[in-house]
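Trainee: One structure coming up, written as structure tokens, with questions to follow.
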Amino acid sequence: MILSELIPFLKSIEAVPKRGLSQNFLIDPNILQKIVALAQVAPGEQVLEIGPGPGALTAALLDAGAKVWAVETDEVFARHLHRLQNGRLQIYLEDFLKFPMHVLPPKIKVVANLPYHITTPILEKLFAHSFSSIVIMVQKEVAERMQAKPGTKELGSLTLFVQFYSQISASFDVPAGCFYPKPKVDSTVIRLDAKTAPTTAPFHLIRPAFQHRRKMLAGILPYAKEKVKQALLDIGIRPDARPEMLSLDQWIQLTEKLR
């Protein structure tokens with residue numbers, strides 16, 4: 001929907017964007033088409049959409065031939081999504097964080113403009129389910145953290161968590177002016193492709209380490225300092241390294257050395 005269509009629609013259903021649900025609606029049809037193209041949605045594919053709101057992206061996904069599983073927590077918007085029903089739309093009035101993922105088919109595609117205030121919990125839930133790809137709109141700063149390189153201040157536990165479960169393949173930025181109401185931040189659409197997760201999970205070390213990211217790892221991790229320093233040297237990292245200096249592979253190697 002463009003703005004001249006969205007405003008009358010919201011009035012007709014007596015709805016207003018709810019700040020507490022991060023409801024900022026896309027009003028640029030070109031961005032909608034770019035999202036569908038990035039997701040490479042083909043006729044007959046199963047797609048999960050989280051928080052469809054007025055249904056602009058839902059309509060674009062249906063137009064591409066997808067079967068859409070739409071999970072919406074706002075009762076008004078969920079009710080009015082039925083106007084798009086064409087036999088390929090399954091609507092759930094549900095808080096996504098409480099949604100029973102077992103009802104979804106395996107290797108589903110995810111395409112969504114996420115509620116920014118719960119991006120990380122949503123990703124945690126998605127990564128625990130079988131998916132083929134995830135194309136999501138997130139706050140630009142969050143996308144930068146997802147794609148951060150070792151040695152940069154942006155790298156954190158979110159970076160390593162996303163890279164553990166997925167391969168980031170593409171992204172594009174979306175200015176704040178493409179939404180109504182206009183948010184205070186710019187956004188990014190990012191594609192995450194499923195991958196086989198490593199057998200060694202380093203998160204029991206990563207999480208506490210990044211709570212003290214300004215300190216050296218040897219003084220943070222729950223092992224003798226000399227043992228940590230030697231393990232870092234063994235994997236080719238200087239012994240005074242701080243958390244953001246290690247890549248995901250190096251965190252995995254460090255975990256195995258300290259085991």
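Residues are referred to by chain and number: the chain letter is A, B, ... according to the order shown in the structure tokens, the number counts from 1 in that chain, and ligands are numbered separately from 1 in the order shown.
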Using only C-alpha atoms, determine which residues lie at most 10 Å from Gly87 (chain A), disregarding the query and same-chain residues fewer than 3 positions distant; provide the list as a PyMOL selection string.

Mentor: chain A and resi 62+67-68+84+90

Trainee: May I have the residues from that selection written out with N, CA and C atoms, as a short mmCIF file (atom, residue, chain, number, x, y, z; two decimals), in the first residue's frame?

Mentor:
data_model
loop_
_atom_site.label_atom_id
_atom_site.label_comp_id
_atom_site.auth_asym_id
_atom_site.auth_seq_id
_atom_site.Cartn_x
_atom_site.Cartn_y
_atom_site.Cartn_z
N LEU A 62 1.51 -13.49 -1.95
CA LEU A 62 0.44 -14.25 -2.61
C LEU A 62 0.49 -14.05 -4.12
N LYS A 67 2.22 -20.02 -0.79
CA LYS A 67 1.26 -20.31 0.27
C LYS A 67 1.80 -19.63 1.52
N VAL A 68 1.02 -18.74 2.09
CA VAL A 68 1.52 -17.89 3.18
C VAL A 68 0.90 -18.30 4.52
N LEU A 84 -7.74 -10.92 1.81
CA LEU A 84 -6.76 -11.38 0.83
C LEU A 84 -6.87 -12.87 0.55
N GLN A 90 -3.04 -18.86 5.23
CA GLN A 90 -3.39 -19.41 6.54
C GLN A 90 -3.09 -18.33 7.58
#

Trainee: Please produce, as a Markdown table, a per-residue contact table for region 23-137 of chain A versus region 1-5 of chain A (criterion: any atom at most 12 Å away, only C-alpha atoms considered), showing the nearest atom pair and its distance in Å to one decimal, sorted by chain then residue number.

Mentor:
| residue | atom | partner | partner_atom | distance |
| --- | --- | --- | --- | --- |
| A:Asn24 | CA | A:Leu3 | CA | 11.9 |
| A:Phe25 | CA | A:Met1 | CA | 8.8 |
| A:Leu26 | CA | A:Met1 | CA | 7.4 |
| A:Ile27 | CA | A:Ile2 | CA | 4.4 |
| A:Asp28 | CA | A:Ile2 | CA | 6.1 |
| A:Pro29 | CA | A:Met1 | CA | 6.8 |
| A:Asn30 | CA | A:Ile2 | CA | 10.2 |
| A:Ile31 | CA | A:Met1 | CA | 11.0 |
| A:Leu32 | CA | A:Met1 | CA | 9.4 |
| A:Gln33 | CA | A:Met1 | CA | 11.9 |
| A:Gly53 | CA | A:Met1 | CA | 11.4 |
| A:Pro54 | CA | A:Met1 | CA | 8.5 |
| A:Gly55 | CA | A:Met1 | CA | 8.5 |
| A:Ala56 | CA | A:Met1 | CA | 5.7 |
| A:Leu57 | CA | A:Met1 | CA | 8.9 |
| A:Thr58 | CA | A:Met1 | CA | 11.0 |
| A:Ala59 | CA | A:Met1 | CA | 9.6 |
| A:Ala60 | CA | A:Met1 | CA | 10.2 |

Trainee: Would you mind exporting C-alpha atoms of the selected residues as an mmCIF file, in the first residue's frame?

Mentor:
data_model
loop_
_atom_site.group_PDB
_atom_site.id
_atom_site.type_symbol
_atom_site.label_atom_id
_atom_site.label_comp_id
_atom_site.auth_asym_id
_atom_site.auth_seq_id
_atom_site.Cartn_x
_atom_site.Cartn_y
_atom_site.Cartn_z
ATOM 1 C CA ASN A 24 5.654 0.863 11.123
ATOM 2 C CA PHE A 25 4.127 -0.056 7.783
ATOM 3 C CA LEU A 26 5.886 -0.127 4.416
ATOM 4 C CA ILE A 27 4.439 2.363 1.930
ATOM 5 C CA ASP A 28 6.930 1.850 -0.899
ATOM 6 C CA PRO A 29 5.791 -0.861 -3.362
ATOM 7 C CA ASN A 30 9.277 -1.008 -4.895
ATOM 8 C CA ILE A 31 10.707 -2.165 -1.550
ATOM 9 C CA LEU A 32 8.009 -4.840 -1.299
ATOM 10 C CA GLN A 33 8.996 -6.204 -4.690
ATOM 11 C CA GLY A 53 -0.107 -5.876 9.724
ATOM 12 C CA PRO A 54 -2.233 -4.334 6.935
ATOM 13 C CA GLY A 55 -1.066 -7.078 4.574
ATOM 14 C CA ALA A 56 0.954 -5.266 1.904
ATOM 15 C CA LEU A 57 3.768 -7.830 1.992
ATOM 16 C CA THR A 58 1.236 -10.635 2.367
ATOM 17 C CA ALA A 59 -0.429 -9.562 -0.879
ATOM 18 C CA ALA A 60 2.941 -9.403 -2.659
#

Trainee: I need the alpha helix (DSSP H) residues of region 83-188 of chain A per DSSP on the backbone, written as a list in words.

Mentor: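 So the alpha helix (DSSP H) residues in region 83-188 of chain A would be Thr119, Thr120, Pro121, Ile122, Leu123, Glu124, Lys125, Leu126, Phe127, Lys140, Glu141, Val142, Ala143, Glu144, Arg145, Met146, Ser157, Leu158, Thr159, Leu160, Phe161, Val162, Gln163, Phe164 and Tyr165 of chain A.
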
Trainee: Contacts of region 217-222 of chain A at 6 Å or less, counting only C-alpha atoms, minus same-chain residues fewer than 4 places along, as number ranges by chain?

Mentor: A: 228-229, 242

Trainee: Compile the contact shell of Lys195 (chain A) as a PDB file with C-alpha atoms, in the first residue's frame: residues with an atom at most 9 Å away, counting only C-alpha atoms, same-chain residues fewer than 6 positions apart removed.

Mentor:
ATOM      1  CA  SER A 132      15.490 -22.826   4.072  1.00  0.00           C
ATOM      2  CA  PHE A 164      26.407 -20.110  13.719  1.00  0.00           C
ATOM      3  CA  TYR A 165      23.008 -21.027  12.276  1.00  0.00           C
ATOM      4  CA  SER A 166      22.971 -19.251   8.917  1.00  0.00           C
ATOM      5  CA  GLN A 167      24.945 -17.827   6.019  1.00  0.00           C
TER       6      GLN A 167
END

Trainee: List as a PDB file with N, CA and C atoms, in the first residue's frame the protein and nucleic acid residues near Ala241 (chain A), meaning an atom at most 10 Å away when only C-alpha atoms are counted, but skip any in the same chain fewer than 5 places from it.

Mentor:
ATOM      1  N   GLY A 151      37.328  -7.932  15.058  1.00  0.00           N
ATOM      2  CA  GLY A 151      38.154  -6.749  15.272  1.00  0.00           C
ATOM      3  C   GLY A 151      37.396  -5.448  15.216  1.00  0.00           C
ATOM      4  N   ARG A 214      35.231  -5.267  27.137  1.00  0.00           N
ATOM      5  CA  ARG A 214      36.426  -4.424  27.198  1.00  0.00           C
ATOM      6  C   ARG A 214      37.583  -5.126  27.910  1.00  0.00           C
ATOM      7  N   LYS A 215      37.299  -6.264  28.512  1.00  0.00           N
ATOM      8  CA  LYS A 215      38.341  -6.982  29.241  1.00  0.00           C
ATOM      9  C   LYS A 215      38.965  -8.060  28.363  1.00  0.00           C
ATOM     10  N   MET A 216      40.151  -8.495  28.738  1.00  0.00           N
ATOM     11  CA  MET A 216      40.815  -9.571  28.014  1.00  0.00           C
ATOM     12  C   MET A 216      40.127 -10.896  28.318  1.00  0.00           C
ATOM     13  N   LEU A 217      40.100 -11.766  27.327  1.00  0.00           N
ATOM     14  CA  LEU A 217      39.458 -13.064  27.498  1.00  0.00           C
ATOM     15  C   LEU A 217      40.066 -13.868  28.644  1.00  0.00           C
ATOM     16  N   ALA A 218      41.352 -13.734  28.812  1.00  0.00           N
ATOM     17  CA  ALA A 218      42.023 -14.501  29.875  1.00  0.00           C
ATOM     18  C   ALA A 218      41.504 -14.134  31.257  1.00  0.00           C
ATOM     19  N   LYS A 229      45.265 -18.185  27.911  1.00  0.00           N
ATOM     20  CA  LYS A 229      46.301 -17.559  27.078  1.00  0.00           C
ATOM     21  C   LYS A 229      46.963 -18.574  26.158  1.00  0.00           C
ATOM     22  N   LEU A 232      44.629 -19.559  23.363  1.00  0.00           N
ATOM     23  CA  LEU A 232      44.578 -18.504  22.338  1.00  0.00           C
ATOM     24  C   LEU A 232      45.803 -18.583  21.435  1.00  0.00           C
ATOM     25  N   LEU A 233      46.958 -18.755  22.030  1.00  0.00           N
ATOM     26  CA  LEU A 233      48.185 -18.885  21.231  1.00  0.00           C
ATOM     27  C   LEU A 233      48.102 -20.096  20.299  1.00  0.00           C
ATOM     28  N   LEU A 246      37.829 -12.378  17.901  1.00  0.00           N
ATOM     29  CA  LEU A 246      37.735 -13.744  17.406  1.00  0.00           C
ATOM     30  C   LEU A 246      36.565 -13.918  16.445  1.00  0.00           C
TER      31      LEU A 246
END

Trainee: Residues within 12 Å of Val135 (chain A), please, as a ChimeraX atom specification. Count only C-alpha atoms; anything in the same chain fewer than 6 positions from it doesn't count.

Mentor: /A:32,34-41,47-50,108-114,123,126,143,166-172,188-194

Trainee: Within 12 Å of region 158-161 of chain A, which residues of region 227-247 of chain A show up? Give each one with its shortest atom-to-atom distance in Å (one decimal) and the two atoms involved, counting only C-alpha atoms, rows by chain then rising residue number, as a tab-separated table.

Mentor:
residue	atom	partner	partner_atom	distance
A:Pro243	CA	A:Leu160	CA	11.0
A:Glu244	CA	A:Thr159	CA	9.9
A:Met245	CA	A:Leu160	CA	11.9
A:Leu246	CA	A:Leu160	CA	9.7
A:Ser247	CA	A:Leu160	CA	7.7

Trainee: Can you pull out every residue within 10 Å of Glu141 (chain A), counting only C-alpha atoms, but drop anything in the same chain fewer than 4 positions away, and send it as a VMD selection string?

Mentor: chain A and resid 145 to 146 154 185 to 188

Trainee: Would you mind exporting N, CA and C atoms of the selected residues as a CSV table (one decimal), in the first residue's frame?

Mentor:
chain,number,residue,atom,x,y,z
A,145,ARG,N,25.4,-5.3,12.9
A,145,ARG,CA,26.0,-6.2,13.9
A,145,ARG,C,26.0,-7.7,13.4
A,146,MET,N,24.9,-8.1,12.7
A,146,MET,CA,24.9,-9.4,12.2
A,146,MET,C,26.0,-9.7,11.2
A,154,GLU,N,31.3,-3.5,16.3
A,154,GLU,CA,30.0,-4.0,16.0
A,154,GLU,C,29.8,-5.5,16.3
A,185,VAL,N,14.7,5.4,12.9
A,185,VAL,CA,15.9,4.7,12.5
A,185,VAL,C,15.7,4.2,11.1
A,186,ASP,N,16.8,4.0,10.3
A,186,ASP,CA,16.8,3.4,9.0
A,186,ASP,C,16.7,1.8,9.2
A,187,SER,N,16.4,1.1,8.2
A,187,SER,CA,16.2,-0.3,8.3
A,187,SER,C,17.1,-1.0,7.2
A,188,THR,N,17.2,-2.3,7.4
A,188,THR,CA,17.9,-3.1,6.4
A,188,THR,C,17.1,-4.4,6.2

Trainee: Could you state the separation of CA of Tyr180 (chain A) and CA of Arg83 (chain A) in Å, given to one decimal place?

Mentor: 21.4 Å

Trainee: CA of Leu205 (chain A) and CA of Gln147 (chain A) are how many Å apart?

Mentor: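 Answer for the CA of Leu205 (chain A) to CA of Gln147 (chain A) separation: 20.3 Å.
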